>>> print(open('my_file-v3.txt').read())   # compact mmCIF, C-alpha atoms
# COMPACT_ATOMS: atom_id res chain seq x y z
CA MET Y 1 84.80 88.21 130.68
CA ALA Y 2 84.62 91.96 131.16
CA LYS Y 3 85.72 93.99 128.15
CA VAL Y 4 89.49 94.27 128.38
CA THR Y 5 91.15 97.63 127.78
CA PHE Y 6 94.80 96.71 127.41
CA PHE Y 7 94.76 97.68 123.71
CA GLU Y 8 94.86 101.29 124.96
CA ASN Y 9 98.36 100.80 126.40
CA THR Y 10 100.49 102.83 123.97
CA GLU Y 11 103.65 102.38 126.03
CA VAL Y 12 103.57 98.64 125.30
CA ALA Y 13 102.28 99.14 121.74
CA PHE Y 14 105.15 101.40 120.67
CA LYS Y 15 107.92 100.41 123.04
CA LEU Y 16 110.14 99.19 120.18
CA LYS Y 17 109.82 102.49 118.30
CA SER Y 18 112.42 105.20 118.82
CA ASP Y 19 111.18 108.80 119.02
CA SER Y 20 112.18 109.35 115.39
CA GLU Y 21 110.36 106.17 114.27
CA LEU Y 22 107.28 107.31 116.19
CA GLU Y 23 107.40 110.68 114.40
CA ARG Y 24 107.79 108.95 111.03
CA ALA Y 25 104.76 106.75 111.75
CA TYR Y 26 102.70 109.79 112.71
CA PHE Y 27 103.77 111.60 109.53
CA LEU Y 28 102.94 108.59 107.30
CA PHE Y 29 99.47 107.98 108.74
CA LYS Y 30 98.75 111.70 108.54
CA MET Y 31 99.63 111.51 104.83
CA ILE Y 32 97.62 108.30 104.26
CA SER Y 33 94.55 109.85 105.92
CA ASN Y 34 94.46 112.43 103.13
CA GLN Y 35 92.98 110.47 100.23
CA PRO Y 36 93.71 112.91 97.35
CA LEU Y 37 97.29 113.16 98.59
CA VAL Y 38 97.63 109.36 98.47
CA ARG Y 39 96.44 109.36 94.85
CA ILE Y 40 98.88 112.10 93.87
CA GLY Y 41 101.74 110.45 95.77
CA THR Y 42 100.97 107.06 94.23
CA ALA Y 43 100.99 108.45 90.69
CA ALA Y 44 104.15 110.46 91.31
CA THR Y 45 105.95 107.48 92.86
CA ASN Y 46 104.99 105.16 89.99
CA PHE Y 47 106.19 107.71 87.45
CA ALA Y 48 109.46 108.35 89.27
CA LEU Y 49 110.27 104.63 89.58
CA LYS Y 50 109.42 103.88 85.94
CA ALA Y 51 111.48 106.87 84.82
CA HIS Y 52 114.39 105.62 86.99
CA LEU Y 53 114.48 108.88 88.95
CA PRO Y 54 116.53 108.66 92.19
CA VAL Y 55 113.63 108.22 94.62
CA GLU Y 56 114.34 104.75 96.02
CA GLY Y 57 116.38 106.18 98.90
CA LEU Y 58 113.53 108.46 99.95
CA ILE Y 59 110.97 105.64 99.67
CA ARG Y 60 113.26 103.31 101.63
CA ALA Y 61 113.69 105.83 104.45
CA THR Y 62 109.96 106.52 104.80
CA VAL Y 63 107.10 104.29 103.67
CA PHE Y 64 109.21 101.20 102.85
CA ASP Y 65 110.98 100.95 106.20
CA HIS Y 66 107.72 101.54 108.07
CA PHE Y 67 105.73 98.81 106.30
CA CYS Y 68 108.50 96.40 105.17
CA GLY Y 69 111.23 94.40 106.90
CA GLY Y 70 113.92 94.84 104.23
CA VAL Y 71 114.95 94.13 100.65
CA ASN Y 72 115.79 90.46 101.34
CA GLU Y 73 115.36 87.93 104.14
CA ASP Y 74 118.74 88.64 105.72
CA ASP Y 75 117.92 92.34 105.73
CA CYS Y 76 114.83 91.50 107.83
CA LEU Y 77 116.74 89.74 110.62
CA SER Y 78 117.21 92.79 112.83
CA VAL Y 79 113.46 93.55 112.66
CA ILE Y 80 112.56 89.90 113.33
CA ASP Y 81 114.87 89.68 116.34
CA LYS Y 82 113.73 93.04 117.71
CA MET Y 83 110.03 92.12 117.57
CA TYR Y 84 110.71 88.73 119.13
CA THR Y 85 112.13 90.43 122.23
CA ALA Y 86 108.54 91.60 122.77
CA GLY Y 87 107.09 88.14 122.08
CA VAL Y 88 105.90 88.94 118.54
CA CYS Y 89 106.81 86.43 115.82
CA SER Y 90 107.26 87.21 112.12
CA VAL Y 91 105.70 85.83 108.94
CA LEU Y 92 108.06 86.76 106.13
CA ASP Y 93 106.00 87.76 103.10
CA TYR Y 94 107.81 88.02 99.76
CA SER Y 95 105.58 90.82 98.47
CA VAL Y 96 106.56 90.97 94.81
CA GLU Y 97 103.37 91.13 92.72
CA GLY Y 98 102.34 91.04 89.08
CA LYS Y 99 104.82 88.50 87.69
CA ALA Y 100 103.65 86.46 84.70
CA ILE Y 101 106.30 84.12 83.26
CA GLU Y 102 107.43 80.63 84.20
CA ASN Y 103 110.96 81.37 85.39
CA GLN Y 104 109.57 84.07 87.70
CA PHE Y 105 107.12 81.54 89.20
CA ASP Y 106 109.97 79.05 89.67
CA SER Y 107 112.04 81.78 91.34
CA ALA Y 108 109.13 82.58 93.67
CA LYS Y 109 108.84 78.88 94.58
CA GLU Y 110 112.58 78.71 95.36
CA LYS Y 111 112.28 81.88 97.44
CA ILE Y 112 109.40 80.45 99.49
CA MET Y 113 111.24 77.14 100.01
CA LYS Y 114 114.25 79.10 101.18
CA LEU Y 115 111.95 80.92 103.63
CA VAL Y 116 110.71 77.56 104.96
CA GLU Y 117 114.32 76.57 105.66
CA PHE Y 118 115.01 80.01 107.10
CA SER Y 119 111.95 79.68 109.38
CA ASP Y 120 113.00 76.23 110.52
CA GLU Y 121 116.21 77.75 111.87
CA LYS Y 122 114.55 80.63 113.75
CA GLU Y 123 112.08 80.23 116.60
CA ALA Y 124 110.80 83.73 115.84
CA MET Y 125 109.51 82.58 112.43
CA PRO Y 126 107.15 79.59 112.83
CA ILE Y 127 105.04 80.42 109.73
CA VAL Y 128 105.60 81.25 106.04
CA VAL Y 129 103.16 82.60 103.47
CA PHE Y 130 102.68 82.63 99.72
CA LYS Y 131 100.13 83.97 97.24
CA PRO Y 132 98.61 81.47 94.75
CA THR Y 133 99.15 83.78 91.77
CA GLY Y 134 102.78 84.15 92.84
CA LEU Y 135 103.20 80.57 91.59
CA GLY Y 136 101.18 80.68 88.39
CA ARG Y 137 99.33 82.86 85.92
CA ILE Y 138 96.14 84.62 86.98
CA PHE Y 139 94.50 83.52 83.72
CA LEU Y 140 94.94 79.83 84.59
CA PHE Y 141 93.44 80.20 88.07
CA GLN Y 142 90.46 81.98 86.55
CA LYS Y 143 89.97 79.46 83.73
CA LYS Y 144 90.30 76.52 86.13
CA GLY Y 145 87.82 78.08 88.55
CA GLU Y 146 85.31 78.63 85.76
CA GLY Y 147 85.51 74.93 84.87
CA LYS Y 148 86.74 75.57 81.35
CA VAL Y 149 88.82 72.96 79.54
CA PHE Y 150 92.54 73.64 79.39
CA THR Y 151 94.55 73.26 76.21
CA GLN Y 152 97.31 70.67 76.40
CA GLU Y 153 99.88 73.42 77.02
CA GLU Y 154 97.70 74.99 79.73
CA GLU Y 155 97.25 71.59 81.40
CA GLN Y 156 101.03 71.17 81.54
CA GLU Y 157 101.40 74.69 82.89
CA TRP Y 158 98.78 74.02 85.56
CA ASN Y 159 100.56 70.81 86.56
CA ARG Y 160 103.70 72.86 87.11
CA ILE Y 161 101.73 75.11 89.50
CA VAL Y 162 100.55 72.01 91.38
CA ASP Y 163 104.14 70.74 91.54
CA ARG Y 164 105.28 74.08 93.00
CA TYR Y 165 102.61 73.80 95.70
CA HIS Y 166 103.72 70.26 96.52
CA SER Y 167 107.39 71.26 96.72
CA ILE Y 168 106.62 73.98 99.27
CA CYS Y 169 104.11 72.01 101.36
CA LYS Y 170 106.22 68.83 101.43
CA LEU Y 171 109.24 70.76 102.70
CA ALA Y 172 107.09 72.64 105.22
CA LYS Y 173 105.75 69.36 106.63
CA ALA Y 174 109.28 67.92 106.84
CA ARG Y 175 110.50 71.05 108.66
CA ASP Y 176 107.34 71.48 110.79
CA VAL Y 177 106.74 75.01 109.48
CA GLU Y 178 103.17 76.18 108.92
CA VAL Y 179 102.24 77.59 105.50
CA LEU Y 180 99.59 80.26 104.99
CA ILE Y 181 98.15 80.49 101.46
CA ASP Y 182 96.84 84.01 100.87
CA GLY Y 183 93.48 84.85 99.32
CA GLU Y 184 92.78 86.04 95.78
CA GLU Y 185 89.91 87.78 94.00
CA SER Y 186 86.76 85.61 93.86
CA TRP Y 187 87.17 84.76 90.16
CA MET Y 188 90.49 83.06 90.97
CA GLN Y 189 89.65 81.78 94.44
CA ASP Y 190 87.67 78.66 93.48
CA ALA Y 191 90.75 77.11 91.85
CA ALA Y 192 92.97 78.32 94.70
CA ASP Y 193 90.54 76.81 97.25
CA GLN Y 194 90.57 73.42 95.53
CA LEU Y 195 94.35 73.41 95.32
CA ALA Y 196 94.68 74.34 99.01
CA GLU Y 197 92.24 71.58 99.99
CA ASP Y 198 94.17 69.05 97.90
CA MET Y 199 97.32 70.03 99.84
CA MET Y 200 95.52 69.72 103.19
CA LYS Y 201 94.39 66.17 102.33
CA ILE Y 202 98.03 65.16 101.92
CA TYR Y 203 99.96 67.32 104.39
CA ASN Y 204 97.45 67.91 107.23
CA THR Y 205 97.01 64.30 108.29
CA ASP Y 206 98.91 64.62 111.59
CA LYS Y 207 98.29 68.30 112.31
CA PRO Y 208 97.63 71.46 110.27
CA ILE Y 209 100.61 72.51 108.17
CA VAL Y 210 98.71 74.09 105.25
CA TYR Y 211 96.33 77.00 105.93
CA ASN Y 212 93.93 78.43 103.35
CA THR Y 213 92.42 81.94 103.62
CA LEU Y 214 88.78 82.84 104.21
CA GLN Y 215 87.96 86.37 103.05
CA THR Y 216 84.83 86.94 105.09
CA TYR Y 217 83.59 89.98 103.19
CA ARG Y 218 82.33 87.26 100.85
CA HIS Y 219 78.88 86.29 102.09
CA ASP Y 220 79.31 82.60 101.16
CA ARG Y 221 82.39 81.90 103.29
CA LEU Y 222 80.71 80.46 106.41
CA ALA Y 223 78.83 77.93 104.26
CA PHE Y 224 82.09 77.18 102.42
CA LEU Y 225 83.89 76.66 105.76
CA LYS Y 226 81.24 74.23 107.02
CA ALA Y 227 81.30 72.25 103.76
CA SER Y 228 85.11 72.00 103.75
CA HIS Y 229 85.00 70.93 107.41
CA ALA Y 230 82.55 68.13 106.60
CA ARG Y 231 84.86 66.91 103.80
CA ALA Y 232 87.89 67.03 106.12
CA LYS Y 233 86.14 65.04 108.85
CA SER Y 234 85.08 62.33 106.41
CA GLY Y 235 88.52 62.39 104.75
CA GLY Y 236 90.50 62.10 107.98
CA TYR Y 237 92.56 65.29 107.72
CA THR Y 238 92.57 68.59 109.59
CA LEU Y 239 92.02 72.12 108.34
CA GLY Y 240 93.96 75.32 108.81
CA TYR Y 241 92.36 78.66 108.03
CA LYS Y 242 93.51 82.22 108.15
CA ILE Y 243 90.44 84.42 108.47
CA VAL Y 244 90.45 88.01 107.25
CA ARG Y 245 87.82 90.47 106.18
CA GLY Y 246 89.28 90.86 102.69
CA ALA Y 247 91.37 93.03 100.42
CA TYR Y 248 89.54 93.50 97.10
CA MET Y 249 86.11 94.87 97.97
CA GLU Y 250 85.88 97.78 95.49
CA LYS Y 251 87.36 95.68 92.67
CA GLU Y 252 84.89 92.84 93.39
CA ARG Y 253 81.85 95.11 93.35
CA GLU Y 254 82.94 96.94 90.20
CA ARG Y 255 83.57 93.70 88.30
CA ALA Y 256 80.21 92.22 89.36
CA LYS Y 257 78.45 95.39 88.18
CA ASP Y 258 80.36 95.51 84.88
CA LYS Y 259 79.73 91.84 84.08
CA GLY Y 260 76.17 91.75 85.38
CA TYR Y 261 76.37 89.12 88.11
CA ALA Y 262 75.43 89.28 91.80
CA SER Y 263 78.25 90.68 93.91
CA PRO Y 264 79.89 88.06 96.15
CA ILE Y 265 80.57 90.77 98.74
CA CYS Y 266 78.48 91.35 101.88
CA LYS Y 267 76.07 94.28 101.54
CA ASP Y 268 77.69 96.36 104.30
CA LYS Y 269 80.33 96.42 107.03
CA ILE Y 270 77.94 95.18 109.73
CA THR Y 271 77.19 92.04 107.70
CA THR Y 272 80.91 91.54 107.01
CA ASP Y 273 81.73 91.88 110.72
CA LYS Y 274 79.05 89.33 111.61
CA ASN Y 275 80.34 86.94 108.95
CA PHE Y 276 83.91 87.25 110.27
CA ASN Y 277 82.78 86.71 113.85
CA ASP Y 278 80.58 83.72 112.90
CA CYS Y 279 83.55 82.07 111.13
CA LEU Y 280 85.73 82.83 114.16
CA LEU Y 281 83.22 81.21 116.54
CA TYR Y 282 82.76 78.16 114.29
CA ILE Y 283 86.50 77.48 114.12
CA LEU Y 284 87.21 78.04 117.81
CA ASP Y 285 84.28 75.74 118.57
CA ASN Y 286 85.88 73.05 116.36
CA LEU Y 287 89.51 73.52 117.33
CA GLU Y 288 90.13 69.77 117.47
CA THR Y 289 89.93 69.63 113.68
CA ILE Y 290 90.47 73.27 112.51
CA SER Y 291 93.36 75.56 113.46
CA ILE Y 292 93.10 79.32 113.00
CA PHE Y 293 95.22 82.35 112.19
CA ILE Y 294 93.09 85.39 113.10
CA GLY Y 295 94.19 88.09 110.69
CA THR Y 296 92.48 91.23 111.90
CA HIS Y 297 93.09 94.90 112.66
CA ASN Y 298 89.65 95.09 114.25
CA GLU Y 299 89.65 95.51 118.03
CA GLU Y 300 86.11 94.24 118.53
CA SER Y 301 86.86 90.95 116.75
CA SER Y 302 90.08 90.62 118.74
CA TYR Y 303 88.17 91.15 122.00
CA LEU Y 304 85.60 88.57 120.88
CA ALA Y 305 88.33 86.02 120.18
CA LEU Y 306 89.74 86.52 123.69
CA GLN Y 307 86.30 86.10 125.23
CA LEU Y 308 85.62 82.94 123.24
CA MET Y 309 89.01 81.48 124.14
CA GLU Y 310 88.31 82.04 127.82
CA LYS Y 311 84.77 80.67 127.57
CA LEU Y 312 85.93 77.55 125.68
CA GLY Y 313 88.93 76.96 127.94
CA ILE Y 314 91.50 77.49 125.19
CA ASP Y 315 94.96 78.22 126.53
CA LYS Y 316 96.58 81.49 125.43
CA LYS Y 317 99.59 79.59 124.07
CA ASP Y 318 97.62 76.91 122.22
CA ASN Y 319 99.46 76.66 118.89
CA ARG Y 320 96.17 76.14 117.07
CA VAL Y 321 95.27 79.82 117.63
CA TRP Y 322 97.35 82.70 116.28
CA PHE Y 323 96.65 86.40 115.97
CA GLY Y 324 98.20 88.36 113.11
CA GLN Y 325 98.50 91.93 111.88
CA LEU Y 326 100.53 93.64 109.17
CA TYR Y 327 103.91 95.11 110.07
CA GLY Y 328 103.63 98.86 110.56
CA MET Y 329 99.95 98.73 111.53
CA SER Y 330 97.88 97.97 114.64
CA ASP Y 331 100.86 97.68 116.98
CA HIS Y 332 98.44 98.37 119.84
CA ILE Y 333 96.79 95.01 119.09
CA SER Y 334 99.90 92.96 118.28
CA PHE Y 335 102.22 94.02 121.09
CA ASN Y 336 99.55 94.21 123.78
CA LEU Y 337 98.28 90.71 122.90
CA ALA Y 338 101.86 89.40 123.02
CA ALA Y 339 102.41 91.08 126.38
CA GLN Y 340 99.35 89.20 127.66
CA GLY Y 341 100.86 85.89 126.48
CA TYR Y 342 98.95 85.16 123.27
CA ASN Y 343 100.47 83.80 120.03
CA VAL Y 344 101.04 86.80 117.77
CA ALA Y 345 102.80 87.17 114.41
CA LYS Y 346 103.33 90.19 112.21
CA TYR Y 347 103.16 89.83 108.43
CA LEU Y 348 106.58 91.20 107.44
CA PRO Y 349 106.71 92.11 103.72
CA PHE Y 350 110.08 92.24 102.01
CA GLY Y 351 111.60 92.48 98.54
CA PRO Y 352 113.37 94.97 96.27
CA VAL Y 353 111.96 98.48 96.78
CA LYS Y 354 110.80 98.83 93.17
CA ASP Y 355 109.14 95.40 93.09
CA VAL Y 356 107.35 95.88 96.43
CA MET Y 357 105.86 99.27 95.50
CA PRO Y 358 102.61 97.78 94.04
CA TYR Y 359 102.05 96.07 97.42
CA LEU Y 360 102.75 99.29 99.36
CA ILE Y 361 100.46 101.31 97.12
CA ARG Y 362 97.66 98.78 97.66
CA ARG Y 363 98.20 99.01 101.42
CA ALA Y 364 97.93 102.82 101.32
CA GLU Y 365 94.77 102.65 99.22
CA GLU Y 366 93.20 100.08 101.58
CA ASN Y 367 93.95 102.36 104.54
CA THR Y 368 92.22 105.33 102.94
CA SER Y 369 89.15 103.15 102.29
CA VAL Y 370 88.98 102.31 106.01
CA ALA Y 371 89.12 105.83 107.40
CA GLY Y 372 88.36 104.77 110.98
CA GLN Y 373 91.44 102.55 111.09
CA THR Y 374 93.78 105.32 109.97
CA GLY Y 375 92.16 107.66 112.48
CA ARG Y 376 92.67 105.10 115.24
CA GLU Y 377 96.38 104.77 114.36
CA LEU Y 378 96.78 108.56 114.49
CA THR Y 379 94.99 108.85 117.84
CA LEU Y 380 97.22 106.20 119.44
CA LEU Y 381 100.40 107.75 118.00
CA LYS Y 382 99.35 111.16 119.34
CA THR Y 383 98.72 109.61 122.77
CA GLU Y 384 102.18 108.02 122.83
CA ARG Y 385 103.90 111.22 121.63
CA LYS Y 386 102.18 113.12 124.43
CA ARG Y 387 103.08 110.44 127.02
CA ARG Y 388 106.76 110.56 126.05
CA LYS Y 389 106.86 114.36 126.21
CA GLN Y 390 105.40 114.28 129.73
CA LYS Y 391 108.01 111.82 131.03
>>> encode(input="my_file-v3.txt", output="structure tokens")
Amino acid sequence: MAKVTFFENTEVAFKLKSDSELERAYFLFKMISNQPLVRIGTAATNFALKAHLPVEGLIRATVFDHFCGGVNEDDCLSVIDKMYTAGVCSVLDYSVEGKAIENQFDSAKEKIMKLVEFSDEKEAMPIVVFKPTGLGRIFLFQKKGEGKVFTQEEEQEWNRIVDRYHSICKLAKARDVEVLIDGEESWMQDAADQLAEDMMKIYNTDKPIVYNTLQTYRHDRLAFLKASHARAKSGGYTLGYKIVRGAYMEKERERAKDKGYASPICKDKITTDKNFNDCLLYILDNLETISIFIGTHNEESSYLALQLMEKLGIDKKDNRVWFGQLYGMSDHISFNLAAQGYNVAKYLPFGPVKDVMPYLIRRAEENTSVAGQTGRELTLLKTERKRRKQK
């Protein structure tokens, strides 16, 4: 297949954006591209929110509304419906981070179960997502992954985490809604991986309902994928995997250096890209037993997926293959893929402005660490601004 160029079509990419929304996007990415400014803005925003200064309205009108769907699920409906007119589905992501007590974990579970029911009622929302440490303490995931013995109280607490997983996955299977389990830092991921696999054994017997996440900036993930596939084939269940490059690279390298162990992260971007693409090829080559959600903002990997699908005779609308990007980013990939007939879903974060700020700050910091991506967003926005002015 010749290299396609439809990602360059900015008219399709930004057709849902009004002129004022286009200008806001340009302004935001211009700000994000300036790394010192992001640091200053982050510190100032954190201070203002903690001091209860009246900044929520400003945040809501700028960065929040660009990267988030709303403060609650009902608030997101207009965004969900609008994107669906262009063939793009939504994955509602309750992006409240850093909670640490039991009633908050129970509340998160109830919220996710409500999203499963919400998704069952809307064709535009075939998938839900949750983060493992949204359902239990970070400390427990780390201790479990290290193979350390729990105290009796910790064992009971861990069992409550397992019960929360079961509640969500059981409902998702009953409602035929797919569940993506997000990735964590490597020191928590072993326990999260085991828990996800335990859910797949139970709920993926007919077809994939539960999807785990492969963060392919970890150099061991292809071997992990092959080993989990072998276990699934012998166990008679299917796998679901979301593949991403990863979100915690600097933190992973710093911790490995501080604690004196070999970094789990690939040595450079080229190696990471190859690892991502090798995992992509392996899954598409084994689509009978592994379904995939391709979470990428990388055009080359997206092109490769299209080429592989054509080569392997995989239909564009095969429900075992989904493409996904974050809301507010890479619209040129999402909307152009949807226009070509592929399965596409945007991760749509939501939650109270103050509670979602840690997520938004992380997003801004990740963008500054991938300068080429921010530059690409700015170039496309400039192109569309120019096109509209010439109309």
>>> residues_around(input="my_file-v3.txt", residues="region 219-225 of chain Y", least_positions_apart="6", cutoff="6 Å", atoms="all atoms listed in the file", output="list in words")
Ile265, Cys266 and Cys279 of chain Y
>>> closest_residue(input="my_file-v3.txt", among="Y:Val91, Y:Arg231, Y:Glu184, Y:Gly351", to="Gly295 (chain Y)", atoms="all atoms listed in the file")
Y:Val91
>>> atom_distance(input="my_file-v3.txt", atom1="CA of Gly235 (chain Y)", atom2="CA of Glu155 (chain Y)")
26.6 Å
>>> closest_residue(input="my_file-v3.txt", among="Y:Asn286, Y:Ser330, Y:Asn204, Y:Thr271", to="Ile314 (chain Y)", atoms="all atoms listed in the file")
Y:Asn286
>>> atom_distance(input="my_file-v3.txt", atom1="CA of Tyr359 (chain Y)", atom2="CA of Phe141 (chain Y)")
20.3 Å
>>> closest_residue(input="my_file-v3.txt", among="Y:Val149, Y:Leu180, Y:Ala172, Y:Leu16", to="Lys131 (chain Y)", atoms="only C-alpha atoms")
Y:Leu180
>>> residues_around(input="my_file-v3.txt", residues="Arg175 (chain Y)", least_positions_apart="2", cutoff="9 Å", atoms="only C-alpha atoms", output="list in words")
Val116, Glu117, Ser119, Asp120, Lys170, Leu171, Ala172, Lys173, Val177 and Glu178 of chain Y
>>> residues_around(input="my_file-v3.txt", residues="Trp187 (chain Y)", least_positions_apart="5", cutoff="8 Å", atoms="all atoms listed in the file", output="list in words")
Gln142, Gly145 and Glu146 of chain Y
>>> closest_residue(input="my_file-v3.txt", among="Y:Glu252, Y:Asp74, Y:Asp193, Y:Asp278", to="Thr216 (chain Y)", atoms="all atoms listed in the file")
Y:Asp278
>>> closest_residue(input="my_file-v3.txt", among="Y:Tyr94, Y:Tyr342, Y:Tyr165, Y:Phe150", to="Asp315 (chain Y)", atoms="all atoms listed in the file")
Y:Tyr342
>>> residues_around(input="my_file-v3.txt", residues="Phe67 (chain Y)", least_positions_apart="5", cutoff="12 Å", atoms="only C-alpha atoms", output="CSV table (one decimal) with C-alpha atoms, in the coordinates of the input")
chain,number,residue,atom,x,y,z
Y,21,GLU,CA,110.4,106.2,114.3
Y,24,ARG,CA,107.8,109.0,111.0
Y,25,ALA,CA,104.8,106.8,111.8
Y,28,LEU,CA,102.9,108.6,107.3
Y,29,PHE,CA,99.5,108.0,108.7
Y,59,ILE,CA,111.0,105.6,99.7
Y,60,ARG,CA,113.3,103.3,101.6
Y,61,ALA,CA,113.7,105.8,104.4
Y,62,THR,CA,110.0,106.5,104.8
Y,76,CYS,CA,114.8,91.5,107.8
Y,79,VAL,CA,113.5,93.6,112.7
Y,93,ASP,CA,106.0,87.8,103.1
Y,95,SER,CA,105.6,90.8,98.5
Y,325,GLN,CA,98.5,91.9,111.9
Y,326,LEU,CA,100.5,93.6,109.2
Y,327,TYR,CA,103.9,95.1,110.1
Y,328,GLY,CA,103.6,98.9,110.6
Y,329,MET,CA,100.0,98.7,111.5
Y,330,SER,CA,97.9,98.0,114.6
Y,331,ASP,CA,100.9,97.7,117.0
Y,346,LYS,CA,103.3,90.2,112.2
Y,347,TYR,CA,103.2,89.8,108.4
Y,348,LEU,CA,106.6,91.2,107.4
Y,349,PRO,CA,106.7,92.1,103.7
Y,350,PHE,CA,110.1,92.2,102.0
Y,351,GLY,CA,111.6,92.5,98.5
Y,353,VAL,CA,112.0,98.5,96.8
Y,356,VAL,CA,107.4,95.9,96.4
Y,357,MET,CA,105.9,99.3,95.5
Y,359,TYR,CA,102.0,96.1,97.4
Y,360,LEU,CA,102.8,99.3,99.4
Y,361,ILE,CA,100.5,101.3,97.1
Y,362,ARG,CA,97.7,98.8,97.7
Y,363,ARG,CA,98.2,99.0,101.4
Y,364,ALA,CA,97.9,102.8,101.3
>>> residues_around(input="my_file-v3.txt", residues="Thr296 (chain Y)", least_positions_apart="5", cutoff="8 Å", atoms="all atoms listed in the file", output="MDAnalysis selection string")
chainID Y and resid 243:245 301:302 323:325
>>> atom_distance(input="my_file-v3.txt", atom1="CA of Thr238 (chain Y)", atom2="CA of Lys207 (chain Y)")
6.3 Å
>>> axis_aligned_box(input="my_file-v3.txt", around="region 197-216 of chain Y", padding_each_side="8 Å", output="JSON")
{"center_x": 92.7, "center_y": 75.6, "center_z": 105.1, "size_x": 31.8, "size_y": 38.6, "size_z": 30.4}
>>> residues_near_point(input="my_file-v3.txt", point="(112.9, 102.8, 93.8)", cutoff="6 Å", atoms="only C-alpha atoms", output="VMD selection string")
chain Y and resid 49 55 to 56 353 to 354
>>> closest_residue(input="my_file-v3.txt", among="Y:Leu58, Y:Gly87, Y:Leu312, Y:Ala100", to="Asp285 (chain Y)", atoms="only C-alpha atoms")
Y:Leu312
>>> build_atoms(input="my_file-v3.txt", residues="region 100-113 of chain Y", atoms="N, CA and C atoms", output="compact mmCIF listing (two decimals), in the coordinates of the input")
# COMPACT_ATOMS: atom_id res chain seq x y z
N ALA Y 100 104.52 87.20 85.63
CA ALA Y 100 103.65 86.46 84.70
C ALA Y 100 104.36 85.43 83.83
N ILE Y 101 105.63 85.13 84.10
CA ILE Y 101 106.30 84.12 83.26
C ILE Y 101 106.90 83.02 84.13
N GLU Y 102 107.09 81.86 83.48
CA GLU Y 102 107.43 80.63 84.20
C GLU Y 102 108.67 80.74 85.08
N ASN Y 103 109.74 81.33 84.57
CA ASN Y 103 110.96 81.37 85.39
C ASN Y 103 110.77 82.24 86.62
N GLN Y 104 109.87 83.24 86.53
CA GLN Y 104 109.57 84.07 87.70
C GLN Y 104 108.78 83.26 88.74
N PHE Y 105 107.87 82.40 88.27
CA PHE Y 105 107.12 81.54 89.20
C PHE Y 105 108.05 80.52 89.87
N ASP Y 106 108.99 79.98 89.09
CA ASP Y 106 109.97 79.05 89.67
C ASP Y 106 110.85 79.77 90.70
N SER Y 107 111.22 81.00 90.40
CA SER Y 107 112.04 81.78 91.34
C SER Y 107 111.27 82.04 92.62
N ALA Y 108 109.97 82.35 92.49
CA ALA Y 108 109.13 82.58 93.67
C ALA Y 108 109.05 81.31 94.52
N LYS Y 109 108.88 80.16 93.85
CA LYS Y 109 108.84 78.88 94.58
C LYS Y 109 110.13 78.66 95.36
N GLU Y 110 111.27 78.88 94.70
CA GLU Y 110 112.58 78.71 95.36
C GLU Y 110 112.72 79.66 96.54
N LYS Y 111 112.22 80.89 96.36
CA LYS Y 111 112.28 81.88 97.44
C LYS Y 111 111.46 81.42 98.64
N ILE Y 112 110.26 80.90 98.39
CA ILE Y 112 109.40 80.45 99.49
C ILE Y 112 110.00 79.23 100.18
N MET Y 113 110.59 78.30 99.40
CA MET Y 113 111.24 77.14 100.01
C MET Y 113 112.45 77.56 100.87
